Protein chains: 2
Amino acid sequence: MANRKISPRASPRTSERLRAAGLRPTRQRRLLADLLFQHGHRHVTAELLHQEAKEAGCPVSLATVYNALHQFTDAGLLQQVIVEASQSHFDTNVGPHQHFYEEEAGRLTDISADIGVSGLPQPPKGTKIQRVDVVVRIRRD
Amino acid sequence: MANRKISPRASPRTSERLRAAGLRPTRQRRLLADLLFQHGHRHVTAELLHQEAKEAGCPVSLATVYNALHQFTDAGLLQQVIVEASQSHFDTNVGPHQHFYEEEAGRLTDISADIGVSGLPQPPKGTKIQRVDVVVRIRRD
DNA sequence: CGTAACTTTAGAACTATTCTAATCTGCTTG
DNA sequence: CAAGCAGATTAGAATAGTTCTAAAGTTACG
């Protein structure tokens with residue numbers, strides 16, 4: 001009879017998704033997963049997601065948000081995007097793609113077009129290329 | 001008779017360089033500029049430069065290192081390179097070029113080849129492209 | 001249901017960076 | 001060259017984002 005505060009409209013598929021990723025579908029993780037994956041791809045910051053959870057009427061501690069973001073990332077459900085030194089951004093689009101970044105607004109946008117990078121030299125001896133990130137920095141004009 | 005602790009082997013040109021950039025050639029700035037610009041292009045972190053100043057026998061406060069890095073950057077003598085969320089990196093190569101980044105070691109290397117990026121879409125309405133950064137993440141194998 | 005393993009949480013701790021206010025220095029002027 | 005001021009340096013406090021800790025709560029499985 002306890003635990004009346006069910007996470008609002010948790011999609012029934014969310015639990016399955018979490019389980020498939022090897023994560024227990026706890027109330028908090030279901031909420032966060034719903035916020036992240038329910039409406040197409042998006043970019044979040046820990047602070048933003050924390051705020052959204054609170055606004056959804058199901059507050060989650062900031063530590064849990066950080067935990068979840070990292071677990072989701074390790075599970076391949078999220079990707080970390082590094083565009084500014086002061087904050088980490090996470091992207092629900094985990095396929096290979098690139099980003100626009102608007103510094104002033106801190107706004108990150110997926111580039112849907114296929115970016116080609118040519119002229120890459122051999123990586124230094126003893127290393128291999130793991131990923132190529134392209135960030136197109138834009139400014140309001 | 002005071003101020004016997006002259007910065008070691010400050011190149012005579014360094015003062016001119018600083019003055020040209022609109023910065024007073026103080027003892028600290030001369031030292032830092034020498035460490036940065038005397039031996040070809042390099043990449044530093046505030047912590048690293050601070051350490052090097054100490055080892056050069058001319059300790060400089062960390063705040064001064066940060067101040068100098070930003071002033072040099074504003075003056076166009078340095079460029080900030082964003083490759084990891086936890087620390088800022090600065091590059092003495094301010095021309096257009098791209099980077100290899102080895103995560104484990106935190107090592108940044110210039111790519112000397114000319115990288116071409118094709119397939120860039122129009123930037124979002126009301127914005128214009130300011131810079132395109134390519135980071136080739138590599139791993140020891 | 002019991003219980004072992006896993007989660008969440010508040011708050012402390014930590015790290016990189018910036019700020020503050022006091023002191024000092026480089027440069028110009030008399 | 002002494003005085004004085006704008007600008008620079010500094011130690012240490014403050015801040016922001018993130019991670020850690022250890023105690024309390026949940027989940028899943030028999």
# chains A, B, ... in the order shown; residues from 1 in each chain; ligands from 1
$ interface_residues --of "chain A" --to "chain B" --cutoff "10 Å" --atoms "only C-alpha atoms" --output "ChimeraX atom specification"
/A:80-89,98-102,109,111-141
$ interface_residues --of "chain B" --to "chain C" --cutoff "12 Å" --atoms "only C-alpha atoms (C1' of nucleotides)" --output "VMD selection string"
chain B and resid 2 to 3 23 to 28 45 to 47 62 to 67 70 85 to 89
$ write_last_selection --atoms "N, CA and C atoms" --output "mmCIF file, in the first residue's frame"
data_model
loop_
_atom_site.group_PDB
_atom_site.id
_atom_site.type_symbol
_atom_site.label_atom_id
_atom_site.label_comp_id
_atom_site.auth_asym_id
_atom_site.auth_seq_id
_atom_site.Cartn_x
_atom_site.Cartn_y
_atom_site.Cartn_z
ATOM 1 N N ALA B 2 66.084 45.562 -5.275
ATOM 2 C CA ALA B 2 65.100 44.514 -4.991
ATOM 3 C C ALA B 2 64.851 43.695 -6.255
ATOM 4 N N ASN B 3 64.006 42.731 -6.115
ATOM 5 C CA ASN B 3 63.560 41.991 -7.278
ATOM 6 C C ASN B 3 64.716 41.314 -8.008
ATOM 7 N N LEU B 23 49.621 43.867 -23.793
ATOM 8 C CA LEU B 23 49.770 43.370 -22.421
ATOM 9 C C LEU B 23 51.099 43.835 -21.840
ATOM 10 N N ARG B 24 51.044 44.325 -20.619
ATOM 11 C CA ARG B 24 52.292 44.738 -19.982
ATOM 12 C C ARG B 24 53.201 43.537 -19.786
ATOM 13 N N PRO B 25 54.445 43.683 -20.174
ATOM 14 C CA PRO B 25 55.375 42.568 -20.013
ATOM 15 C C PRO B 25 55.856 42.448 -18.577
ATOM 16 N N THR B 26 55.023 41.910 -17.751
ATOM 17 C CA THR B 26 55.419 41.713 -16.354
ATOM 18 C C THR B 26 56.293 40.477 -16.259
ATOM 19 N N ARG B 27 56.950 40.336 -15.130
ATOM 20 C CA ARG B 27 57.831 39.184 -14.951
ATOM 21 C C ARG B 27 57.070 37.891 -15.162
ATOM 22 N N GLN B 28 55.872 37.772 -14.553
ATOM 23 C CA GLN B 28 55.100 36.535 -14.661
ATOM 24 C C GLN B 28 54.681 36.248 -16.101
ATOM 25 N N THR B 45 47.677 22.827 -20.038
ATOM 26 C CA THR B 45 46.567 22.877 -19.122
ATOM 27 C C THR B 45 47.011 23.892 -18.070
ATOM 28 N N ALA B 46 46.091 24.553 -17.404
ATOM 29 C CA ALA B 46 46.496 25.541 -16.414
ATOM 30 C C ALA B 46 47.412 24.900 -15.371
ATOM 31 N N GLU B 47 47.017 23.736 -14.921
ATOM 32 C CA GLU B 47 47.777 23.032 -13.896
ATOM 33 C C GLU B 47 49.203 22.745 -14.356
ATOM 34 N N LEU B 62 48.418 30.376 -9.151
ATOM 35 C CA LEU B 62 47.524 29.722 -10.101
ATOM 36 C C LEU B 62 46.566 30.733 -10.723
ATOM 37 N N ALA B 63 46.107 31.684 -9.926
ATOM 38 C CA ALA B 63 45.202 32.709 -10.458
ATOM 39 C C ALA B 63 45.865 33.465 -11.601
ATOM 40 N N THR B 64 47.142 33.747 -11.449
ATOM 41 C CA THR B 64 47.860 34.458 -12.500
ATOM 42 C C THR B 64 47.953 33.606 -13.761
ATOM 43 N N VAL B 65 48.160 32.329 -13.577
ATOM 44 C CA VAL B 65 48.210 31.440 -14.740
ATOM 45 C C VAL B 65 46.886 31.492 -15.477
ATOM 46 N N TYR B 66 45.796 31.398 -14.748
ATOM 47 C CA TYR B 66 44.485 31.475 -15.395
ATOM 48 C C TYR B 66 44.292 32.821 -16.069
ATOM 49 N N ASN B 67 44.643 33.889 -15.361
ATOM 50 C CA ASN B 67 44.509 35.208 -15.966
ATOM 51 C C ASN B 67 45.287 35.276 -17.272
ATOM 52 N N HIS B 70 43.816 33.339 -20.199
ATOM 53 C CA HIS B 70 42.667 33.996 -20.822
ATOM 54 C C HIS B 70 43.063 35.251 -21.583
ATOM 55 N N ALA B 85 35.454 17.167 -20.526
ATOM 56 C CA ALA B 85 34.592 18.011 -19.722
ATOM 57 C C ALA B 85 35.306 18.552 -18.489
ATOM 58 N N SER B 86 36.342 17.880 -18.067
ATOM 59 C CA SER B 86 36.872 18.220 -16.748
ATOM 60 C C SER B 86 37.996 19.236 -16.726
ATOM 61 N N GLN B 87 38.554 19.570 -17.874
ATOM 62 C CA GLN B 87 39.698 20.483 -17.873
ATOM 63 C C GLN B 87 39.801 21.257 -19.170
ATOM 64 N N SER B 88 40.326 22.467 -19.085
ATOM 65 C CA SER B 88 40.516 23.257 -20.293
ATOM 66 C C SER B 88 41.926 23.088 -20.832
ATOM 67 N N HIS B 89 42.019 22.972 -22.127
ATOM 68 C CA HIS B 89 43.315 22.868 -22.778
ATOM 69 C C HIS B 89 43.520 24.088 -23.655
#
$ calpha_fit_and_write --fixed "chain B" --moving "chain A" --output "CSV table (one decimal) with C-alpha atoms, in the first residue's frame"
chain,number,residue,atom,x,y,z
A,1,MET,CA,67.9,46.8,-6.0
A,2,ALA,CA,64.9,44.7,-5.1
A,3,ASN,CA,63.4,42.1,-7.4
A,4,ARG,CA,66.6,40.1,-7.9
A,5,LYS,CA,64.6,37.1,-9.0
A,6,ILE,CA,64.6,37.8,-12.7
A,7,SER,CA,62.7,35.3,-14.8
A,8,PRO,CA,65.3,32.9,-16.2
A,9,ARG,CA,66.4,33.5,-19.7
A,10,ALA,CA,63.5,35.6,-20.7
A,11,SER,CA,63.9,36.0,-24.4
A,12,PRO,CA,64.2,39.7,-25.2
A,13,ARG,CA,61.6,39.3,-27.9
A,14,THR,CA,59.0,38.1,-25.4
A,15,SER,CA,58.5,41.6,-24.0
A,16,GLU,CA,57.9,43.0,-27.5
A,17,ARG,CA,55.4,40.2,-28.3
A,18,LEU,CA,53.5,40.9,-25.1
A,19,ARG,CA,53.5,44.6,-25.7
A,20,ALA,CA,52.3,44.1,-29.2
A,21,ALA,CA,49.4,42.2,-27.9
A,22,GLY,CA,48.5,45.0,-25.6
A,23,LEU,CA,49.7,43.3,-22.4
A,24,ARG,CA,52.3,44.7,-20.0
A,25,PRO,CA,55.3,42.5,-20.0
A,26,THR,CA,55.4,41.7,-16.4
A,27,ARG,CA,57.8,39.2,-15.0
A,28,GLN,CA,55.1,36.5,-14.7
A,29,ARG,CA,53.7,37.0,-18.1
A,30,ARG,CA,57.2,36.9,-19.6
A,31,LEU,CA,57.9,33.7,-17.9
A,32,LEU,CA,54.6,32.1,-19.0
A,33,ALA,CA,55.0,33.4,-22.5
A,34,ASP,CA,58.5,32.0,-22.7
A,35,LEU,CA,57.3,28.6,-21.5
A,36,LEU,CA,54.5,28.7,-24.0
A,37,PHE,CA,56.1,30.1,-27.1
A,38,GLN,CA,59.8,29.5,-26.9
A,39,HIS,CA,59.9,26.0,-28.3
A,40,GLY,CA,57.4,25.6,-31.1
A,41,HIS,CA,53.7,24.8,-30.7
A,42,ARG,CA,52.4,23.1,-27.7
A,43,HIS,CA,49.3,22.2,-25.6
A,44,VAL,CA,49.0,23.1,-22.0
A,45,THR,CA,46.6,22.8,-19.1
A,46,ALA,CA,46.5,25.5,-16.4
A,47,GLU,CA,47.8,23.0,-13.9
A,48,LEU,CA,50.7,21.9,-16.1
A,49,LEU,CA,51.8,25.5,-16.9
A,50,HIS,CA,51.6,26.3,-13.2
A,51,GLN,CA,53.8,23.3,-12.4
A,52,GLU,CA,56.3,24.3,-15.1
A,53,ALA,CA,56.6,27.8,-13.7
A,54,LYS,CA,57.4,26.4,-10.3
A,55,GLU,CA,60.0,24.0,-11.7
A,56,ALA,CA,61.6,26.9,-13.7
A,57,GLY,CA,62.3,28.4,-10.3
A,58,CYS,CA,59.9,31.2,-10.7
A,59,PRO,CA,56.6,30.2,-9.1
A,60,VAL,CA,53.5,32.0,-10.2
A,61,SER,CA,50.2,31.8,-8.5
A,62,LEU,CA,47.6,29.7,-10.1
A,63,ALA,CA,45.2,32.7,-10.4
A,64,THR,CA,47.9,34.4,-12.5
A,65,VAL,CA,48.2,31.4,-14.7
A,66,TYR,CA,44.5,31.4,-15.4
A,67,ASN,CA,44.5,35.2,-15.9
A,68,ALA,CA,47.4,34.9,-18.4
A,69,LEU,CA,45.9,32.0,-20.3
A,70,HIS,CA,42.7,34.0,-20.8
A,71,GLN,CA,44.4,37.2,-21.7
A,72,PHE,CA,46.7,35.4,-24.1
A,73,THR,CA,43.6,33.8,-25.6
A,74,ASP,CA,41.7,37.1,-25.9
A,75,ALA,CA,44.8,38.5,-27.5
A,76,GLY,CA,44.9,35.8,-30.1
A,77,LEU,CA,48.1,34.2,-28.9
A,78,LEU,CA,46.4,31.1,-27.7
A,79,GLN,CA,43.3,29.0,-28.6
A,80,GLN,CA,41.2,27.1,-26.2
A,81,VAL,CA,40.6,23.4,-27.2
A,82,ILE,CA,37.7,21.6,-25.8
A,83,VAL,CA,38.1,17.9,-25.6
A,84,GLU,CA,37.1,16.8,-22.2
A,85,ALA,CA,34.6,18.1,-19.7
A,86,SER,CA,36.9,18.2,-16.7
A,87,GLN,CA,39.7,20.5,-17.8
A,88,SER,CA,40.5,23.2,-20.3
A,89,HIS,CA,43.3,22.8,-22.8
A,90,PHE,CA,45.1,25.7,-24.5
A,91,ASP,CA,47.0,25.5,-27.8
A,92,THR,CA,49.7,27.9,-29.0
A,93,ASN,CA,48.9,27.0,-32.6
A,94,VAL,CA,46.1,29.5,-33.3
A,95,GLY,CA,45.9,28.8,-37.0
A,96,PRO,CA,43.0,26.6,-38.3
A,97,HIS,CA,43.8,23.0,-37.6
A,98,GLN,CA,42.4,19.9,-35.9
A,99,HIS,CA,43.4,17.5,-33.1
A,100,PHE,CA,44.0,14.0,-32.1
A,101,TYR,CA,43.0,13.4,-28.5
A,102,GLU,CA,44.1,10.4,-26.5
A,103,GLU,CA,41.6,10.1,-23.7
A,104,GLU,CA,43.5,7.8,-21.3
A,105,ALA,CA,46.6,10.0,-21.3
A,106,GLY,CA,44.8,13.3,-21.7
A,107,ARG,CA,47.2,13.9,-24.6
A,108,LEU,CA,46.4,16.4,-27.3
A,109,THR,CA,48.2,16.5,-30.6
A,110,ASP,CA,47.9,18.8,-33.6
A,111,ILE,CA,46.9,17.2,-36.9
A,112,SER,CA,49.1,18.9,-39.4
A,113,ALA,CA,47.3,17.6,-42.5
A,114,ASP,CA,44.6,19.6,-44.0
A,115,ILE,CA,41.3,18.1,-42.9
A,116,GLY,CA,38.3,18.6,-45.2
A,117,VAL,CA,34.8,18.5,-43.9
A,118,SER,CA,32.1,18.0,-46.5
A,119,GLY,CA,28.3,17.8,-46.4
A,120,LEU,CA,27.8,20.6,-43.8
A,121,PRO,CA,24.2,21.7,-44.0
A,122,GLN,CA,23.1,25.3,-43.7
A,123,PRO,CA,23.3,26.5,-40.1
A,124,PRO,CA,20.0,27.1,-38.4
A,125,LYS,CA,18.1,30.3,-39.4
A,126,GLY,CA,19.6,33.4,-37.8
A,127,THR,CA,23.0,31.9,-37.1
A,128,LYS,CA,26.2,31.6,-38.9
A,129,ILE,CA,29.1,29.2,-38.6
A,130,GLN,CA,31.9,30.5,-36.5
A,131,ARG,CA,34.3,27.6,-36.5
A,132,VAL,CA,34.3,23.8,-37.2
A,133,ASP,CA,36.2,21.7,-34.7
A,134,VAL,CA,37.2,18.2,-35.5
A,135,VAL,CA,38.5,15.9,-32.7
A,136,VAL,CA,39.8,12.5,-33.6
A,137,ARG,CA,39.6,10.4,-30.5
A,138,ILE,CA,42.3,7.8,-30.4
A,139,ARG,CA,43.1,4.9,-28.1
A,140,ARG,CA,46.2,2.9,-27.4
A,141,ASP,CA,45.8,-0.5,-28.9
$ select_by_dssp --residues "chain B" --states "strand (DSSP E or B)" --output "JSON, numbers by chain"
{"B": [43, 44, 45, 79, 80, 81, 89, 90, 91, 98, 99, 100, 101, 102, 107, 108, 109, 110, 111, 116, 117, 118, 127, 128, 129, 130, 131, 132, 133, 134, 135, 136, 137, 138, 139, 140]}
$ closest_residue --among "D:DC1, D:DA11, D:DA16, D:DC29" --to "chain A" --atoms "only C-alpha atoms (C1' of nucleotides)"
D:DA16
$ closest_atom_pairs --of "chain D" --to "chain B" --cutoff "9 Å" --atoms "only C-alpha atoms (C1' of nucleotides)" --output "Markdown table"
| residue | atom | partner | partner_atom | distance |
| --- | --- | --- | --- | --- |
| D:DG7 | C1' | B:Arg24 | CA | 8.4 |
| D:DA8 | C1' | B:Thr26 | CA | 7.8 |
| D:DT9 | C1' | B:Thr64 | CA | 6.6 |
| D:DT10 | C1' | B:Ser61 | CA | 6.4 |
| D:DA11 | C1' | B:Ser61 | CA | 8.5 |
$ select_by_dssp --residues "chain A" --states "alpha helix (DSSP H)" --output "number ranges by chain"
A: 12-20, 27-37, 46-55, 62-74
$ decode --residues "chain C" --atoms "N, CA and C atoms (P, O5', C5', C4', C3', O3' and C1' of nucleotides)" --output "tab-separated table (two decimals), in the first residue's frame"
chain	number	residue	atom	x	y	z
C	1	DC	P	2.97	-14.00	3.39
C	1	DC	O5'	3.41	-12.58	3.75
C	1	DC	C5'	4.55	-12.10	4.43
C	1	DC	C4'	5.76	-13.01	4.51
C	1	DC	C3'	6.98	-12.25	4.97
C	1	DC	O3'	7.78	-13.16	5.66
C	1	DC	C1'	7.38	-13.10	2.83
C	2	DG	P	8.66	-12.81	6.86
C	2	DG	O5'	10.11	-13.16	6.30
C	2	DG	C5'	10.29	-14.42	5.67
C	2	DG	C4'	11.74	-14.58	5.30
C	2	DG	C3'	12.72	-13.64	5.99
C	2	DG	O3'	13.97	-14.33	6.04
C	2	DG	C1'	12.61	-13.11	3.67
C	3	DT	P	15.25	-13.73	6.78
C	3	DT	O5'	16.36	-13.62	5.65
C	3	DT	C5'	16.27	-14.41	4.45
C	3	DT	C4'	17.03	-13.71	3.35
C	3	DT	C3'	18.02	-12.64	3.83
C	3	DT	O3'	19.13	-12.66	2.97
C	3	DT	C1'	16.58	-11.67	2.31
C	4	DA	P	20.56	-12.98	3.53
C	4	DA	O5'	21.44	-12.81	2.21
C	4	DA	C5'	21.11	-13.60	1.05
C	4	DA	C4'	21.26	-12.75	-0.19
C	4	DA	C3'	22.48	-11.84	-0.16
C	4	DA	O3'	23.08	-11.89	-1.45
C	4	DA	C1'	20.54	-10.54	-0.52
C	5	DA	P	24.43	-11.18	-1.76
C	5	DA	O5'	24.02	-10.27	-3.01
C	5	DA	C5'	23.16	-10.78	-4.02
C	5	DA	C4'	22.60	-9.59	-4.78
C	5	DA	C3'	23.67	-8.53	-5.09
C	5	DA	O3'	23.52	-8.14	-6.45
C	5	DA	C1'	21.84	-7.54	-3.97
C	6	DC	P	24.48	-7.14	-7.11
C	6	DC	O5'	23.50	-5.91	-7.35
C	6	DC	C5'	22.20	-6.17	-7.84
C	6	DC	C4'	21.32	-4.95	-7.59
C	6	DC	C3'	21.95	-3.64	-8.07
C	6	DC	O3'	20.96	-2.99	-8.82
C	6	DC	C1'	21.12	-3.39	-5.90
C	7	DT	P	21.17	-1.71	-9.67
C	7	DT	O5'	20.00	-0.76	-9.16
C	7	DT	C5'	19.78	-0.64	-7.80
C	7	DT	C4'	18.79	0.45	-7.51
C	7	DT	C3'	19.17	1.83	-8.01
C	7	DT	O3'	17.97	2.54	-8.28
C	7	DT	C1'	19.34	1.72	-5.62
C	8	DT	P	18.03	4.06	-8.75
C	8	DT	O5'	17.87	4.82	-7.35
C	8	DT	C5'	16.64	4.72	-6.66
C	8	DT	C4'	16.71	5.52	-5.39
C	8	DT	C3'	17.04	7.00	-5.58
C	8	DT	O3'	15.98	7.74	-5.00
C	8	DT	C1'	18.44	6.01	-3.91
C	9	DT	P	15.91	9.33	-5.23
C	9	DT	O5'	16.69	9.83	-3.96
C	9	DT	C5'	16.25	9.40	-2.67
C	9	DT	C4'	17.19	9.90	-1.60
C	9	DT	C3'	17.71	11.31	-1.87
C	9	DT	O3'	17.23	12.16	-0.86
C	9	DT	C1'	19.48	9.83	-1.21
C	10	DA	P	17.06	13.68	-1.12
C	10	DA	O5'	17.94	14.20	0.11
C	10	DA	C5'	17.74	13.63	1.40
C	10	DA	C4'	18.95	13.95	2.27
C	10	DA	C3'	19.43	15.40	2.17
C	10	DA	O3'	19.75	15.83	3.48
C	10	DA	C1'	21.19	13.90	1.50
C	11	DG	P	20.12	17.29	3.76
C	11	DG	O5'	21.70	17.17	3.79
C	11	DG	C5'	22.26	16.15	4.60
C	11	DG	C4'	23.72	15.99	4.26
C	11	DG	C3'	24.47	17.32	4.09
C	11	DG	O3'	25.66	17.20	4.81
C	11	DG	C1'	24.87	15.92	2.26
C	12	DA	P	26.60	18.41	5.07
C	12	DA	O5'	28.03	17.70	4.95
C	12	DA	C5'	28.17	16.36	5.41
C	12	DA	C4'	29.33	15.72	4.69
C	12	DA	C3'	30.55	16.64	4.58
C	12	DA	O3'	31.71	15.86	4.80
C	12	DA	C1'	29.84	16.00	2.42
C	13	DA	P	33.16	16.53	4.66
C	13	DA	O5'	33.54	16.16	3.15
C	13	DA	C5'	33.47	14.82	2.74
C	13	DA	C4'	34.11	14.71	1.36
C	13	DA	C3'	35.37	15.55	1.19
C	13	DA	O3'	36.30	14.73	0.53
C	13	DA	C1'	33.80	16.11	-0.50
C	14	DC	P	37.80	15.14	0.31
C	14	DC	O5'	37.78	15.49	-1.24
C	14	DC	C5'	36.95	14.71	-2.08
C	14	DC	C4'	37.07	15.18	-3.52
C	14	DC	C3'	38.29	16.04	-3.81
C	14	DC	O3'	38.87	15.52	-4.99
C	14	DC	C1'	36.32	17.17	-4.48
C	15	DT	P	40.28	16.11	-5.54
C	15	DT	O5'	39.84	16.91	-6.85
C	15	DT	C5'	38.92	16.32	-7.76
C	15	DT	C4'	38.75	17.28	-8.91
C	15	DT	C3'	39.98	18.14	-9.18
C	15	DT	O3'	40.16	18.25	-10.60
C	15	DT	C1'	38.14	19.53	-8.70
C	16	DA	P	41.44	18.92	-11.22
C	16	DA	O5'	40.79	20.15	-11.97
C	16	DA	C5'	39.79	19.90	-12.94
C	16	DA	C4'	39.08	21.19	-13.23
C	16	DA	C3'	40.01	22.33	-13.66
C	16	DA	O3'	39.48	22.89	-14.85
C	16	DA	C1'	38.62	23.02	-11.86
C	17	DT	P	40.28	24.06	-15.54
C	17	DT	O5'	39.57	25.34	-14.91
C	17	DT	C5'	38.16	25.46	-15.06
C	17	DT	C4'	37.65	26.61	-14.22
C	17	DT	C3'	38.31	27.96	-14.53
C	17	DT	O3'	37.32	28.78	-15.14
C	17	DT	C1'	37.96	27.63	-12.20
C	18	DT	P	37.62	30.28	-15.52
C	18	DT	O5'	37.07	31.07	-14.24
C	18	DT	C5'	35.71	30.91	-13.90
C	18	DT	C4'	35.41	31.79	-12.70
C	18	DT	C3'	35.79	33.26	-12.87
C	18	DT	O3'	34.65	33.99	-12.41
C	18	DT	C1'	36.71	32.41	-10.87
C	19	DC	P	34.62	35.57	-12.48
C	19	DC	O5'	34.75	35.97	-10.94
C	19	DC	C5'	33.93	35.29	-10.00
C	19	DC	C4'	34.28	35.78	-8.59
C	19	DC	C3'	34.51	37.28	-8.48
C	19	DC	O3'	33.80	37.69	-7.33
C	19	DC	C1'	36.37	36.09	-7.59
C	20	DT	P	33.65	39.28	-7.02
C	20	DT	O5'	34.58	39.50	-5.74
C	20	DT	C5'	34.70	38.48	-4.78
C	20	DT	C4'	35.63	38.96	-3.67
C	20	DT	C3'	35.86	40.47	-3.67
C	20	DT	O3'	35.99	40.90	-2.34
C	20	DT	C1'	37.92	39.38	-3.97
C	21	DA	P	35.63	42.44	-1.96
C	21	DA	O5'	36.66	42.71	-0.77
C	21	DA	C5'	37.42	41.61	-0.23
C	21	DA	C4'	38.87	42.03	-0.06
C	21	DA	C3'	39.11	43.54	-0.03
C	21	DA	O3'	40.18	43.72	0.85
C	21	DA	C1'	40.39	42.63	-1.73
C	22	DA	P	40.55	45.08	1.58
C	22	DA	O5'	42.10	44.81	1.85
C	22	DA	C5'	42.52	43.50	2.19
C	22	DA	C4'	43.93	43.28	1.67
C	22	DA	C3'	44.83	44.51	1.81
C	22	DA	O3'	46.05	44.12	2.39
C	22	DA	C1'	44.88	43.70	-0.41
C	23	DT	P	47.21	45.20	2.63
C	23	DT	O5'	48.29	44.83	1.50
C	23	DT	C5'	48.75	43.49	1.39
C	23	DT	C4'	49.55	43.37	0.12
C	23	DT	C3'	50.73	44.35	0.02
C	23	DT	O3'	51.89	43.57	-0.25
C	23	DT	C1'	49.47	44.37	-1.97
C	24	DC	P	53.31	44.27	-0.30
C	24	DC	O5'	53.54	44.33	-1.87
C	24	DC	C5'	53.42	43.12	-2.61
C	24	DC	C4'	53.52	43.46	-4.08
C	24	DC	C3'	54.73	44.29	-4.46
C	24	DC	O3'	55.37	43.60	-5.51
C	24	DC	C1'	52.79	45.19	-5.41
C	25	DT	P	56.88	43.97	-5.94
C	25	DT	O5'	56.71	44.02	-7.53
C	25	DT	C5'	55.41	44.01	-8.08
C	25	DT	C4'	55.44	44.50	-9.51
C	25	DT	C3'	56.71	45.14	-9.98
C	25	DT	O3'	56.76	44.86	-11.35
C	25	DT	C1'	55.00	46.76	-10.00
C	26	DG	P	57.98	45.01	-12.28
C	26	DG	O5'	57.33	46.00	-13.34
C	26	DG	C5'	56.27	45.51	-14.15
C	26	DG	C4'	55.71	46.64	-14.99
C	26	DG	C3'	56.74	47.36	-15.85
C	26	DG	O3'	56.08	47.57	-17.08
C	26	DG	C1'	55.72	48.91	-14.37
C	27	DC	P	56.90	48.25	-18.27
C	27	DC	O5'	56.32	49.73	-18.23
C	27	DC	C5'	54.91	49.91	-18.34
C	27	DC	C4'	54.58	51.37	-18.06
C	27	DC	C3'	55.41	52.36	-18.86
C	27	DC	O3'	54.50	53.22	-19.51
C	27	DC	C1'	55.37	52.96	-16.57
C	28	DT	P	55.13	54.18	-20.70
C	28	DT	O5'	54.67	55.61	-20.18
C	28	DT	C5'	53.32	55.77	-19.72
C	28	DT	C4'	53.24	56.97	-18.82
C	28	DT	C3'	53.86	58.24	-19.42
C	28	DT	O3'	52.89	59.27	-19.34
C	28	DT	C1'	54.67	57.87	-17.20
C	29	DT	P	53.16	60.69	-20.05
C	29	DT	O5'	52.94	61.69	-18.84
C	29	DT	C5'	52.65	61.17	-17.56
C	29	DT	C4'	53.03	62.17	-16.47
C	29	DT	C3'	53.54	63.52	-16.94
C	29	DT	O3'	53.02	64.52	-16.08
C	29	DT	C1'	55.20	62.47	-15.60
C	30	DG	P	53.48	66.01	-16.21
C	30	DG	O5'	54.41	66.24	-14.95
C	30	DG	C5'	53.85	66.35	-13.63
C	30	DG	C4'	54.97	66.66	-12.67
C	30	DG	C3'	55.63	68.01	-12.88
C	30	DG	O3'	56.07	68.52	-11.63
C	30	DG	C1'	57.24	66.33	-13.22
